[in-house]
>>> print(open('final.cif').read())   # mmCIF, N, CA and C atoms
data_work
#
loop_
_atom_site.label_atom_id
_atom_site.label_comp_id
_atom_site.auth_asym_id
_atom_site.auth_seq_id
_atom_site.Cartn_x
_atom_site.Cartn_y
_atom_site.Cartn_z
N MET A 136 0.52 -9.69 -20.51
CA MET A 136 0.19 -9.13 -19.22
C MET A 136 -1.30 -9.30 -18.98
N PHE A 137 -1.73 -9.22 -17.76
CA PHE A 137 -3.12 -9.42 -17.42
C PHE A 137 -3.77 -8.10 -17.05
N GLU A 138 -5.05 -8.06 -17.15
CA GLU A 138 -5.80 -6.85 -16.81
C GLU A 138 -5.79 -6.63 -15.30
N ALA A 139 -5.82 -5.36 -14.89
CA ALA A 139 -5.80 -5.03 -13.46
C ALA A 139 -6.94 -5.69 -12.71
N GLY A 140 -8.11 -5.73 -13.29
CA GLY A 140 -9.25 -6.36 -12.64
C GLY A 140 -9.04 -7.85 -12.43
N ASP A 141 -8.39 -8.51 -13.37
CA ASP A 141 -8.14 -9.94 -13.26
C ASP A 141 -7.14 -10.27 -12.17
N ILE A 142 -6.03 -9.53 -12.10
CA ILE A 142 -5.00 -9.84 -11.14
C ILE A 142 -5.50 -9.65 -9.71
N ARG A 143 -6.42 -8.73 -9.50
CA ARG A 143 -6.94 -8.52 -8.16
C ARG A 143 -7.67 -9.75 -7.64
N GLU A 144 -8.20 -10.55 -8.55
CA GLU A 144 -8.89 -11.77 -8.14
C GLU A 144 -7.93 -12.81 -7.56
N TRP A 145 -6.65 -12.63 -7.74
CA TRP A 145 -5.66 -13.58 -7.26
C TRP A 145 -5.16 -13.27 -5.86
N ARG A 146 -5.69 -12.21 -5.24
CA ARG A 146 -5.29 -11.90 -3.86
C ARG A 146 -5.55 -13.11 -2.97
N GLY A 147 -4.59 -13.38 -2.10
CA GLY A 147 -4.71 -14.52 -1.20
C GLY A 147 -4.14 -15.81 -1.77
N HIS A 148 -3.80 -15.83 -3.07
CA HIS A 148 -3.21 -17.02 -3.68
C HIS A 148 -1.69 -17.02 -3.47
N ASP A 149 -1.10 -18.19 -3.61
CA ASP A 149 0.35 -18.32 -3.47
C ASP A 149 1.07 -17.59 -4.59
N VAL A 150 2.23 -17.05 -4.25
CA VAL A 150 3.15 -16.48 -5.24
C VAL A 150 4.38 -17.38 -5.22
N VAL A 151 4.78 -17.86 -6.41
CA VAL A 151 5.91 -18.77 -6.50
C VAL A 151 6.95 -18.21 -7.46
N ASP A 152 8.19 -18.70 -7.29
CA ASP A 152 9.27 -18.27 -8.19
C ASP A 152 9.32 -19.20 -9.40
N PRO A 153 10.23 -18.96 -10.35
CA PRO A 153 10.27 -19.79 -11.56
C PRO A 153 10.45 -21.28 -11.29
N GLY A 154 11.07 -21.63 -10.17
CA GLY A 154 11.26 -23.04 -9.81
C GLY A 154 10.08 -23.63 -9.07
N GLY A 155 9.03 -22.83 -8.85
CA GLY A 155 7.85 -23.32 -8.13
C GLY A 155 7.95 -23.21 -6.63
N HIS A 156 9.00 -22.57 -6.10
CA HIS A 156 9.16 -22.40 -4.66
C HIS A 156 8.24 -21.29 -4.17
N LYS A 157 7.47 -21.58 -3.14
CA LYS A 157 6.53 -20.58 -2.61
C LYS A 157 7.29 -19.44 -1.95
N ILE A 158 6.91 -18.22 -2.34
CA ILE A 158 7.49 -17.02 -1.76
C ILE A 158 6.59 -16.49 -0.66
N GLY A 159 5.28 -16.49 -0.91
CA GLY A 159 4.32 -15.97 0.05
C GLY A 159 2.94 -15.91 -0.58
N THR A 160 2.12 -14.99 -0.07
CA THR A 160 0.73 -14.85 -0.51
C THR A 160 0.51 -13.47 -1.09
N LEU A 161 -0.15 -13.40 -2.26
CA LEU A 161 -0.43 -12.12 -2.90
C LEU A 161 -1.34 -11.28 -2.02
N GLU A 162 -0.90 -10.06 -1.71
CA GLU A 162 -1.66 -9.19 -0.82
C GLU A 162 -2.30 -8.03 -1.57
N ALA A 163 -1.54 -7.34 -2.41
CA ALA A 163 -2.08 -6.17 -3.10
C ALA A 163 -1.36 -5.97 -4.44
N VAL A 164 -2.00 -5.21 -5.31
CA VAL A 164 -1.44 -4.90 -6.62
C VAL A 164 -1.18 -3.40 -6.68
N TYR A 165 -0.02 -3.04 -7.21
CA TYR A 165 0.35 -1.65 -7.43
C TYR A 165 0.46 -1.42 -8.93
N VAL A 166 -0.20 -0.37 -9.40
CA VAL A 166 -0.17 -0.06 -10.83
C VAL A 166 0.81 1.07 -11.10
N ASP A 167 1.28 1.11 -12.32
CA ASP A 167 2.11 2.21 -12.80
C ASP A 167 1.16 3.39 -13.03
N THR A 168 1.40 4.51 -12.38
CA THR A 168 0.48 5.64 -12.47
C THR A 168 0.43 6.24 -13.87
N GLY A 169 1.44 5.98 -14.69
CA GLY A 169 1.45 6.49 -16.06
C GLY A 169 0.58 5.68 -17.00
N THR A 170 0.46 4.38 -16.74
CA THR A 170 -0.28 3.51 -17.64
C THR A 170 -1.52 2.90 -17.01
N ASP A 171 -1.60 2.92 -15.69
CA ASP A 171 -2.66 2.30 -14.90
C ASP A 171 -2.71 0.77 -15.10
N LEU A 172 -1.56 0.19 -15.45
CA LEU A 172 -1.45 -1.26 -15.60
C LEU A 172 -0.71 -1.85 -14.39
N PRO A 173 -1.02 -3.08 -14.01
CA PRO A 173 -0.32 -3.72 -12.89
C PRO A 173 1.19 -3.73 -13.14
N PHE A 174 1.96 -3.36 -12.13
CA PHE A 174 3.40 -3.28 -12.28
C PHE A 174 4.13 -4.02 -11.17
N PHE A 175 3.68 -3.86 -9.94
CA PHE A 175 4.25 -4.56 -8.79
C PHE A 175 3.11 -5.15 -7.98
N ALA A 176 3.46 -6.12 -7.15
CA ALA A 176 2.52 -6.66 -6.18
C ALA A 176 3.24 -6.72 -4.84
N THR A 177 2.47 -6.71 -3.77
CA THR A 177 3.07 -6.99 -2.48
C THR A 177 2.69 -8.41 -2.12
N VAL A 178 3.65 -9.09 -1.50
CA VAL A 178 3.50 -10.48 -1.11
C VAL A 178 3.76 -10.57 0.39
N THR A 179 2.86 -11.22 1.11
CA THR A 179 3.03 -11.42 2.54
C THR A 179 4.04 -12.54 2.75
N VAL A 180 5.11 -12.23 3.48
CA VAL A 180 6.16 -13.21 3.76
C VAL A 180 6.49 -13.20 5.24
N GLY A 181 7.23 -14.20 5.70
CA GLY A 181 7.69 -14.24 7.07
C GLY A 181 6.90 -15.19 7.94
N LEU A 182 7.32 -15.26 9.18
CA LEU A 182 6.66 -16.11 10.16
C LEU A 182 5.38 -15.44 10.64
N PRO A 183 4.45 -16.23 11.17
CA PRO A 183 3.17 -15.64 11.62
C PRO A 183 3.33 -14.49 12.60
N THR A 184 4.38 -14.49 13.39
CA THR A 184 4.58 -13.42 14.37
C THR A 184 5.40 -12.26 13.82
N ARG A 185 5.97 -12.43 12.61
CA ARG A 185 6.82 -11.38 12.03
C ARG A 185 6.53 -11.20 10.55
N ARG A 186 5.30 -11.01 10.20
CA ARG A 186 4.91 -10.85 8.79
C ARG A 186 5.31 -9.47 8.29
N ARG A 187 5.63 -9.41 6.99
CA ARG A 187 5.93 -8.16 6.33
C ARG A 187 5.52 -8.30 4.87
N LEU A 188 5.49 -7.19 4.16
CA LEU A 188 5.13 -7.19 2.75
C LEU A 188 6.37 -6.88 1.92
N VAL A 189 6.61 -7.71 0.92
CA VAL A 189 7.74 -7.52 0.03
C VAL A 189 7.18 -7.19 -1.36
N PHE A 190 7.88 -6.34 -2.09
CA PHE A 190 7.44 -5.93 -3.43
C PHE A 190 8.06 -6.85 -4.47
N VAL A 191 7.23 -7.27 -5.45
CA VAL A 191 7.70 -8.10 -6.56
C VAL A 191 7.15 -7.54 -7.87
N PRO A 192 7.97 -7.49 -8.92
CA PRO A 192 7.48 -7.03 -10.22
C PRO A 192 6.53 -8.05 -10.84
N LEU A 193 5.54 -7.57 -11.56
CA LEU A 193 4.57 -8.44 -12.21
C LEU A 193 4.89 -8.68 -13.69
N SER A 194 5.87 -8.01 -14.23
CA SER A 194 6.24 -8.20 -15.63
C SER A 194 6.62 -9.65 -15.87
N GLY A 195 5.98 -10.27 -16.84
CA GLY A 195 6.26 -11.66 -17.18
C GLY A 195 5.61 -12.68 -16.28
N ALA A 196 4.82 -12.23 -15.30
CA ALA A 196 4.16 -13.17 -14.38
C ALA A 196 3.09 -13.96 -15.12
N THR A 197 2.90 -15.20 -14.69
CA THR A 197 1.87 -16.07 -15.25
C THR A 197 1.02 -16.63 -14.12
N VAL A 198 -0.20 -16.98 -14.46
CA VAL A 198 -1.09 -17.54 -13.45
C VAL A 198 -1.32 -19.01 -13.74
N GLY A 199 -1.50 -19.76 -12.67
CA GLY A 199 -1.81 -21.18 -12.76
C GLY A 199 -2.92 -21.49 -11.76
N PRO A 200 -3.26 -22.74 -11.61
CA PRO A 200 -4.34 -23.09 -10.69
C PRO A 200 -3.95 -22.81 -9.23
N GLY A 201 -4.40 -21.68 -8.71
CA GLY A 201 -4.15 -21.33 -7.32
C GLY A 201 -2.84 -20.63 -7.04
N TYR A 202 -2.11 -20.23 -8.08
CA TYR A 202 -0.84 -19.55 -7.83
C TYR A 202 -0.54 -18.51 -8.91
N LEU A 203 0.36 -17.60 -8.56
CA LEU A 203 0.90 -16.61 -9.48
C LEU A 203 2.41 -16.85 -9.52
N LYS A 204 2.95 -17.11 -10.70
CA LYS A 204 4.38 -17.36 -10.85
C LYS A 204 5.06 -16.11 -11.39
N ILE A 205 6.05 -15.61 -10.63
CA ILE A 205 6.79 -14.43 -11.05
C ILE A 205 8.11 -14.86 -11.68
N THR A 206 8.85 -13.92 -12.25
CA THR A 206 10.08 -14.25 -12.97
C THR A 206 11.34 -14.12 -12.13
N TYR A 207 11.22 -13.75 -10.87
CA TYR A 207 12.38 -13.58 -10.00
C TYR A 207 12.45 -14.71 -8.99
N SER A 208 13.68 -15.09 -8.61
CA SER A 208 13.87 -16.19 -7.66
C SER A 208 13.49 -15.76 -6.25
N LYS A 209 13.20 -16.74 -5.43
CA LYS A 209 12.86 -16.50 -4.04
C LYS A 209 13.99 -15.77 -3.32
N ASP A 210 15.23 -16.12 -3.65
CA ASP A 210 16.39 -15.48 -3.01
C ASP A 210 16.45 -13.99 -3.31
N VAL A 211 16.16 -13.60 -4.55
CA VAL A 211 16.16 -12.18 -4.94
C VAL A 211 15.04 -11.46 -4.22
N VAL A 212 13.86 -12.06 -4.19
CA VAL A 212 12.69 -11.43 -3.56
C VAL A 212 12.92 -11.25 -2.06
N LYS A 213 13.53 -12.23 -1.40
CA LYS A 213 13.75 -12.14 0.04
C LYS A 213 14.59 -10.93 0.43
N LYS A 214 15.41 -10.44 -0.49
CA LYS A 214 16.29 -9.29 -0.21
C LYS A 214 15.69 -7.96 -0.66
N ALA A 215 14.47 -8.00 -1.18
CA ALA A 215 13.81 -6.79 -1.69
C ALA A 215 13.32 -5.90 -0.55
N PRO A 216 13.13 -4.61 -0.83
CA PRO A 216 12.57 -3.71 0.18
C PRO A 216 11.20 -4.18 0.65
N THR A 217 10.91 -3.95 1.92
CA THR A 217 9.64 -4.38 2.52
C THR A 217 8.98 -3.23 3.25
N ILE A 218 7.70 -3.45 3.57
CA ILE A 218 6.96 -2.55 4.46
C ILE A 218 6.22 -3.42 5.46
N ASP A 219 5.78 -2.82 6.55
CA ASP A 219 4.96 -3.55 7.52
C ASP A 219 3.63 -3.92 6.89
N THR A 220 2.98 -4.95 7.42
CA THR A 220 1.71 -5.40 6.85
C THR A 220 0.63 -4.34 6.93
N ASP A 221 0.75 -3.40 7.85
CA ASP A 221 -0.22 -2.31 7.94
C ASP A 221 0.39 -0.98 7.48
N GLY A 222 1.54 -1.06 6.81
CA GLY A 222 2.24 0.15 6.39
C GLY A 222 1.89 0.58 4.99
N GLU A 223 2.41 1.74 4.63
CA GLU A 223 2.25 2.29 3.28
C GLU A 223 3.63 2.49 2.69
N LEU A 224 3.68 2.47 1.37
CA LEU A 224 4.93 2.70 0.67
C LEU A 224 5.19 4.20 0.57
N PRO A 225 6.23 4.71 1.25
CA PRO A 225 6.55 6.12 1.09
C PRO A 225 7.07 6.38 -0.33
N ALA A 226 6.69 7.51 -0.91
CA ALA A 226 7.14 7.85 -2.26
C ALA A 226 8.66 7.86 -2.36
N THR A 227 9.33 8.23 -1.28
CA THR A 227 10.79 8.29 -1.29
C THR A 227 11.44 6.91 -1.39
N ASP A 228 10.68 5.84 -1.09
CA ASP A 228 11.23 4.48 -1.15
C ASP A 228 11.01 3.81 -2.50
N GLU A 229 10.21 4.41 -3.37
CA GLU A 229 9.94 3.79 -4.67
C GLU A 229 11.22 3.52 -5.47
N PRO A 230 12.17 4.48 -5.57
CA PRO A 230 13.38 4.20 -6.36
C PRO A 230 14.15 2.98 -5.87
N ASP A 231 14.15 2.72 -4.56
CA ASP A 231 14.87 1.57 -4.02
C ASP A 231 14.28 0.26 -4.51
N ILE A 232 12.96 0.20 -4.63
CA ILE A 232 12.30 -1.02 -5.10
C ILE A 232 12.68 -1.29 -6.56
N PHE A 233 12.62 -0.26 -7.38
CA PHE A 233 12.99 -0.41 -8.78
C PHE A 233 14.46 -0.80 -8.91
N ALA A 234 15.33 -0.17 -8.14
CA ALA A 234 16.76 -0.44 -8.20
C ALA A 234 17.06 -1.89 -7.80
N HIS A 235 16.37 -2.40 -6.81
CA HIS A 235 16.61 -3.77 -6.37
C HIS A 235 16.41 -4.77 -7.51
N TYR A 236 15.42 -4.53 -8.33
CA TYR A 236 15.13 -5.42 -9.46
C TYR A 236 15.77 -4.94 -10.77
N GLU A 237 16.65 -3.95 -10.67
CA GLU A 237 17.36 -3.38 -11.82
C GLU A 237 16.39 -2.88 -12.90
N LEU A 238 15.34 -2.20 -12.45
CA LEU A 238 14.35 -1.61 -13.34
C LEU A 238 14.55 -0.10 -13.37
N ASP A 239 14.32 0.51 -14.52
CA ASP A 239 14.43 1.97 -14.64
C ASP A 239 13.34 2.63 -13.82
N TYR A 240 13.68 3.73 -13.17
CA TYR A 240 12.71 4.48 -12.37
C TYR A 240 12.67 5.93 -12.80
N SER A 241 11.49 6.45 -12.94
CA SER A 241 11.30 7.89 -13.16
C SER A 241 9.93 8.25 -12.61
N THR A 242 9.83 9.46 -12.10
CA THR A 242 8.53 9.92 -11.60
C THR A 242 7.69 10.37 -12.78
N GLY A 243 6.44 10.66 -12.52
CA GLY A 243 5.57 11.18 -13.57
C GLY A 243 6.04 12.56 -14.02
N ALA A 244 5.46 13.05 -15.09
CA ALA A 244 5.86 14.34 -15.66
C ALA A 244 5.75 15.47 -14.63
N GLY A 245 4.77 15.38 -13.75
CA GLY A 245 4.60 16.40 -12.72
C GLY A 245 5.29 16.08 -11.42
N GLY A 246 6.15 15.05 -11.42
CA GLY A 246 6.87 14.67 -10.22
C GLY A 246 6.08 13.74 -9.30
N GLU A 247 4.90 13.30 -9.77
CA GLU A 247 4.07 12.43 -8.91
C GLU A 247 4.70 11.06 -8.80
N ARG A 248 4.25 10.33 -7.80
CA ARG A 248 4.79 9.00 -7.55
C ARG A 248 4.48 8.04 -8.68
N ARG A 249 5.27 7.01 -8.78
CA ARG A 249 5.17 6.07 -9.89
C ARG A 249 4.19 4.93 -9.63
N LEU A 250 4.03 4.53 -8.36
CA LEU A 250 3.18 3.38 -8.03
C LEU A 250 1.97 3.79 -7.20
N ALA A 251 0.85 3.15 -7.49
CA ALA A 251 -0.38 3.39 -6.74
C ALA A 251 -1.04 2.06 -6.43
N ARG A 252 -1.46 1.88 -5.20
CA ARG A 252 -2.11 0.63 -4.80
C ARG A 252 -3.53 0.60 -5.33
N ARG A 253 -3.92 -0.54 -5.89
CA ARG A 253 -5.29 -0.71 -6.40
C ARG A 253 -5.96 -1.87 -5.74
#
>>> encode(input="final.cif", output="structure tokens")
Amino acid sequence: MFEAGDIREWRGHDVVDPGGHKIGTLEAVYVDTGTDLPFFATVTVGLPTRRRLVFVPLSGATVGPGYLKITYSKDVVKKAPTIDTDGELPATDEPDIFAHYELDYSTGAGGERRLARR
């Protein structure tokens, strides 16, 4: 895995699936509030007039010259929960993102949200 400071430098770079198909552009990094390590990213997808942000897990992601390669296919990512480009992730929607990628979800010990934008 990469350090949170390093992954932030990749904002604006292409995000591709394992086959090298472009999914979109890295917009923001969300860390796990329990570990403060990068866990999800938002990727800008869609047409110029209908842009939205889709969440993608960073586990197993690798970086290359000008791109970030994730472990999920473009088809899986296209069906993931999204937010508007100027929107925020409501805490109540976090479980849906984890469920889409078949990842375990639990809140913090005090019931706090699991993801925080960095």
>>> residues_around(input="final.cif", residues="Asp228 in chain A", least_positions_apart="6", cutoff="10 Å", atoms="only C-alpha atoms", output="list in words")
Pro216, Thr217 and Ile218 of chain A
>>> closest_residue(input="final.cif", among="A:Ala234, A:Ala176, A:Thr197, A:Asp152", to="Asp210 in chain A", atoms="all atoms listed in the file")
A:Asp152
>>> atom_distance(input="final.cif", atom1="atom N of Thr160 in chain A", atom2="atom N of Thr227 in chain A")
24.3 Å
>>> atom_distance(input="final.cif", atom1="CA of Pro173 in chain A", atom2="atom N of Leu188 in chain A")
18.3 Å
>>> closest_residue(input="final.cif", among="A:Glu162, A:Val211, A:Leu203, A:Thr220", to="Val150 in chain A", atoms="only C-alpha atoms")
A:Leu203
>>> resolve_selection(input="final.cif", expression="the PyMOL selection byres ((chain A and resi 240-250) around 6)", output="VMD selection string")
chain A and resid 165 to 169 226 238 to 239 251 to 252
>>> atom_distance(input="final.cif", atom1="CA of Pro200 in chain A", atom2="CA of Asp221 in chain A")
28.2 Å
>>> select_by_dssp(input="final.cif", residues="range 171-235 of chain A", states="strand (DSSP E)", output="PDB file with N, CA and C atoms, keeping the file's coordinate frame")
ATOM      1  N   PRO A 173      -1.020  -3.080 -14.010  1.00  0.00           N
ATOM      2  CA  PRO A 173      -0.320  -3.720 -12.890  1.00  0.00           C
ATOM      3  C   PRO A 173       1.190  -3.730 -13.140  1.00  0.00           C
ATOM      4  N   PHE A 174       1.960  -3.360 -12.130  1.00  0.00           N
ATOM      5  CA  PHE A 174       3.400  -3.280 -12.280  1.00  0.00           C
ATOM      6  C   PHE A 174       4.130  -4.020 -11.170  1.00  0.00           C
ATOM      7  N   PHE A 175       3.680  -3.860  -9.940  1.00  0.00           N
ATOM      8  CA  PHE A 175       4.250  -4.560  -8.790  1.00  0.00           C
ATOM      9  C   PHE A 175       3.110  -5.150  -7.980  1.00  0.00           C
ATOM     10  N   ALA A 176       3.460  -6.120  -7.150  1.00  0.00           N
ATOM     11  CA  ALA A 176       2.520  -6.660  -6.180  1.00  0.00           C
ATOM     12  C   ALA A 176       3.240  -6.720  -4.840  1.00  0.00           C
ATOM     13  N   THR A 177       2.470  -6.710  -3.770  1.00  0.00           N
ATOM     14  CA  THR A 177       3.070  -6.990  -2.480  1.00  0.00           C
ATOM     15  C   THR A 177       2.690  -8.410  -2.120  1.00  0.00           C
ATOM     16  N   VAL A 178       3.650  -9.090  -1.500  1.00  0.00           N
ATOM     17  CA  VAL A 178       3.500 -10.480  -1.110  1.00  0.00           C
ATOM     18  C   VAL A 178       3.760 -10.570   0.390  1.00  0.00           C
ATOM     19  N   THR A 179       2.860 -11.220   1.110  1.00  0.00           N
ATOM     20  CA  THR A 179       3.030 -11.420   2.540  1.00  0.00           C
ATOM     21  C   THR A 179       4.040 -12.540   2.750  1.00  0.00           C
ATOM     22  N   VAL A 180       5.110 -12.230   3.480  1.00  0.00           N
ATOM     23  CA  VAL A 180       6.160 -13.210   3.760  1.00  0.00           C
ATOM     24  C   VAL A 180       6.490 -13.200   5.240  1.00  0.00           C
ATOM     25  N   ARG A 187       5.630  -9.410   6.990  1.00  0.00           N
ATOM     26  CA  ARG A 187       5.930  -8.160   6.330  1.00  0.00           C
ATOM     27  C   ARG A 187       5.520  -8.300   4.870  1.00  0.00           C
ATOM     28  N   LEU A 188       5.490  -7.190   4.160  1.00  0.00           N
ATOM     29  CA  LEU A 188       5.130  -7.190   2.750  1.00  0.00           C
ATOM     30  C   LEU A 188       6.370  -6.880   1.920  1.00  0.00           C
ATOM     31  N   VAL A 189       6.610  -7.710   0.920  1.00  0.00           N
ATOM     32  CA  VAL A 189       7.740  -7.520   0.030  1.00  0.00           C
ATOM     33  C   VAL A 189       7.180  -7.190  -1.360  1.00  0.00           C
ATOM     34  N   PHE A 190       7.880  -6.340  -2.090  1.00  0.00           N
ATOM     35  CA  PHE A 190       7.440  -5.930  -3.430  1.00  0.00           C
ATOM     36  C   PHE A 190       8.060  -6.850  -4.470  1.00  0.00           C
ATOM     37  N   VAL A 191       7.230  -7.270  -5.450  1.00  0.00           N
ATOM     38  CA  VAL A 191       7.700  -8.100  -6.560  1.00  0.00           C
ATOM     39  C   VAL A 191       7.150  -7.540  -7.870  1.00  0.00           C
ATOM     40  N   PRO A 192       7.970  -7.490  -8.920  1.00  0.00           N
ATOM     41  CA  PRO A 192       7.480  -7.030 -10.220  1.00  0.00           C
ATOM     42  C   PRO A 192       6.530  -8.050 -10.840  1.00  0.00           C
ATOM     43  N   THR A 197       2.900 -15.200 -14.690  1.00  0.00           N
ATOM     44  CA  THR A 197       1.870 -16.070 -15.250  1.00  0.00           C
ATOM     45  C   THR A 197       1.020 -16.630 -14.120  1.00  0.00           C
ATOM     46  N   VAL A 198      -0.200 -16.980 -14.460  1.00  0.00           N
ATOM     47  CA  VAL A 198      -1.090 -17.540 -13.450  1.00  0.00           C
ATOM     48  C   VAL A 198      -1.320 -19.010 -13.740  1.00  0.00           C
ATOM     49  N   GLY A 199      -1.500 -19.760 -12.670  1.00  0.00           N
ATOM     50  CA  GLY A 199      -1.810 -21.180 -12.760  1.00  0.00           C
ATOM     51  C   GLY A 199      -2.920 -21.490 -11.760  1.00  0.00           C
ATOM     52  N   TYR A 202      -2.110 -20.230  -8.080  1.00  0.00           N
ATOM     53  CA  TYR A 202      -0.840 -19.550  -7.830  1.00  0.00           C
ATOM     54  C   TYR A 202      -0.540 -18.510  -8.910  1.00  0.00           C
ATOM     55  N   LEU A 203       0.360 -17.600  -8.560  1.00  0.00           N
ATOM     56  CA  LEU A 203       0.900 -16.610  -9.480  1.00  0.00           C
ATOM     57  C   LEU A 203       2.410 -16.850  -9.520  1.00  0.00           C
ATOM     58  N   LYS A 204       2.950 -17.110 -10.700  1.00  0.00           N
ATOM     59  CA  LYS A 204       4.380 -17.360 -10.850  1.00  0.00           C
ATOM     60  C   LYS A 204       5.060 -16.110 -11.390  1.00  0.00           C
ATOM     61  N   THR A 217      10.910  -3.950   1.920  1.00  0.00           N
ATOM     62  CA  THR A 217       9.640  -4.380   2.520  1.00  0.00           C
ATOM     63  C   THR A 217       8.980  -3.230   3.250  1.00  0.00           C
ATOM     64  N   ILE A 218       7.700  -3.450   3.570  1.00  0.00           N
ATOM     65  CA  ILE A 218       6.960  -2.550   4.460  1.00  0.00           C
ATOM     66  C   ILE A 218       6.220  -3.420   5.460  1.00  0.00           C
ATOM     67  N   ASP A 219       5.780  -2.820   6.550  1.00  0.00           N
ATOM     68  CA  ASP A 219       4.960  -3.550   7.520  1.00  0.00           C
ATOM     69  C   ASP A 219       3.630  -3.920   6.890  1.00  0.00           C
TER      70      ASP A 219
END
>>> resolve_selection(input="final.cif", expression="the PyMOL selection byres ((chain A and resi 207) around 8)", output="PDB file with N, CA and C atoms, in the coordinates of the input")
ATOM      1  N   VAL A 151       4.780 -17.860  -6.410  1.00  0.00           N
ATOM      2  CA  VAL A 151       5.910 -18.770  -6.500  1.00  0.00           C
ATOM      3  C   VAL A 151       6.950 -18.210  -7.460  1.00  0.00           C
ATOM      4  N   ASP A 152       8.190 -18.700  -7.290  1.00  0.00           N
ATOM      5  CA  ASP A 152       9.270 -18.270  -8.190  1.00  0.00           C
ATOM      6  C   ASP A 152       9.320 -19.200  -9.400  1.00  0.00           C
ATOM      7  N   PRO A 153      10.230 -18.960 -10.350  1.00  0.00           N
ATOM      8  CA  PRO A 153      10.270 -19.790 -11.560  1.00  0.00           C
ATOM      9  C   PRO A 153      10.450 -21.280 -11.290  1.00  0.00           C
ATOM     10  N   GLY A 154      11.070 -21.630 -10.170  1.00  0.00           N
ATOM     11  CA  GLY A 154      11.260 -23.040  -9.810  1.00  0.00           C
ATOM     12  C   GLY A 154      10.080 -23.630  -9.070  1.00  0.00           C
ATOM     13  N   VAL A 191       7.230  -7.270  -5.450  1.00  0.00           N
ATOM     14  CA  VAL A 191       7.700  -8.100  -6.560  1.00  0.00           C
ATOM     15  C   VAL A 191       7.150  -7.540  -7.870  1.00  0.00           C
ATOM     16  N   PRO A 192       7.970  -7.490  -8.920  1.00  0.00           N
ATOM     17  CA  PRO A 192       7.480  -7.030 -10.220  1.00  0.00           C
ATOM     18  C   PRO A 192       6.530  -8.050 -10.840  1.00  0.00           C
ATOM     19  N   SER A 194       5.870  -8.010 -14.230  1.00  0.00           N
ATOM     20  CA  SER A 194       6.240  -8.200 -15.630  1.00  0.00           C
ATOM     21  C   SER A 194       6.620  -9.650 -15.870  1.00  0.00           C
ATOM     22  N   GLY A 195       5.980 -10.270 -16.840  1.00  0.00           N
ATOM     23  CA  GLY A 195       6.260 -11.660 -17.180  1.00  0.00           C
ATOM     24  C   GLY A 195       5.610 -12.680 -16.280  1.00  0.00           C
ATOM     25  N   ALA A 196       4.820 -12.230 -15.300  1.00  0.00           N
ATOM     26  CA  ALA A 196       4.160 -13.170 -14.380  1.00  0.00           C
ATOM     27  C   ALA A 196       3.090 -13.960 -15.120  1.00  0.00           C
ATOM     28  N   LYS A 204       2.950 -17.110 -10.700  1.00  0.00           N
ATOM     29  CA  LYS A 204       4.380 -17.360 -10.850  1.00  0.00           C
ATOM     30  C   LYS A 204       5.060 -16.110 -11.390  1.00  0.00           C
ATOM     31  N   ILE A 205       6.050 -15.610 -10.630  1.00  0.00           N
ATOM     32  CA  ILE A 205       6.790 -14.430 -11.050  1.00  0.00           C
ATOM     33  C   ILE A 205       8.110 -14.860 -11.680  1.00  0.00           C
ATOM     34  N   THR A 206       8.850 -13.920 -12.250  1.00  0.00           N
ATOM     35  CA  THR A 206      10.080 -14.250 -12.970  1.00  0.00           C
ATOM     36  C   THR A 206      11.340 -14.120 -12.130  1.00  0.00           C
ATOM     37  N   SER A 208      13.680 -15.090  -8.610  1.00  0.00           N
ATOM     38  CA  SER A 208      13.870 -16.190  -7.660  1.00  0.00           C
ATOM     39  C   SER A 208      13.490 -15.760  -6.250  1.00  0.00           C
ATOM     40  N   LYS A 209      13.200 -16.740  -5.430  1.00  0.00           N
ATOM     41  CA  LYS A 209      12.860 -16.500  -4.040  1.00  0.00           C
ATOM     42  C   LYS A 209      13.990 -15.770  -3.320  1.00  0.00           C
ATOM     43  N   ASP A 210      15.230 -16.120  -3.650  1.00  0.00           N
ATOM     44  CA  ASP A 210      16.390 -15.480  -3.010  1.00  0.00           C
ATOM     45  C   ASP A 210      16.450 -13.990  -3.310  1.00  0.00           C
ATOM     46  N   VAL A 211      16.160 -13.600  -4.550  1.00  0.00           N
ATOM     47  CA  VAL A 211      16.160 -12.180  -4.940  1.00  0.00           C
ATOM     48  C   VAL A 211      15.040 -11.460  -4.220  1.00  0.00           C
ATOM     49  N   VAL A 212      13.860 -12.060  -4.190  1.00  0.00           N
ATOM     50  CA  VAL A 212      12.690 -11.430  -3.560  1.00  0.00           C
ATOM     51  C   VAL A 212      12.920 -11.250  -2.060  1.00  0.00           C
TER      52      VAL A 212
END
>>> select_by_dssp(input="final.cif", residues="chain A", states="alpha helix (DSSP H)", output="list in words")
Ala139, Gly140, Asp141, Ile142, Arg143, Lys209, Asp210, Val211, Val212, Lys213, Glu229, Pro230, Asp231, Ile232, Phe233, Ala234 and His235 of chain A
>>> resolve_selection(input="final.cif", expression="the PyMOL selection byres (((chain A and resi 180 and name CA) around 10) and name CA)", output="ChimeraX atom specification")
/A:157-162,177-179,181-183,185-189,212-213,217,220
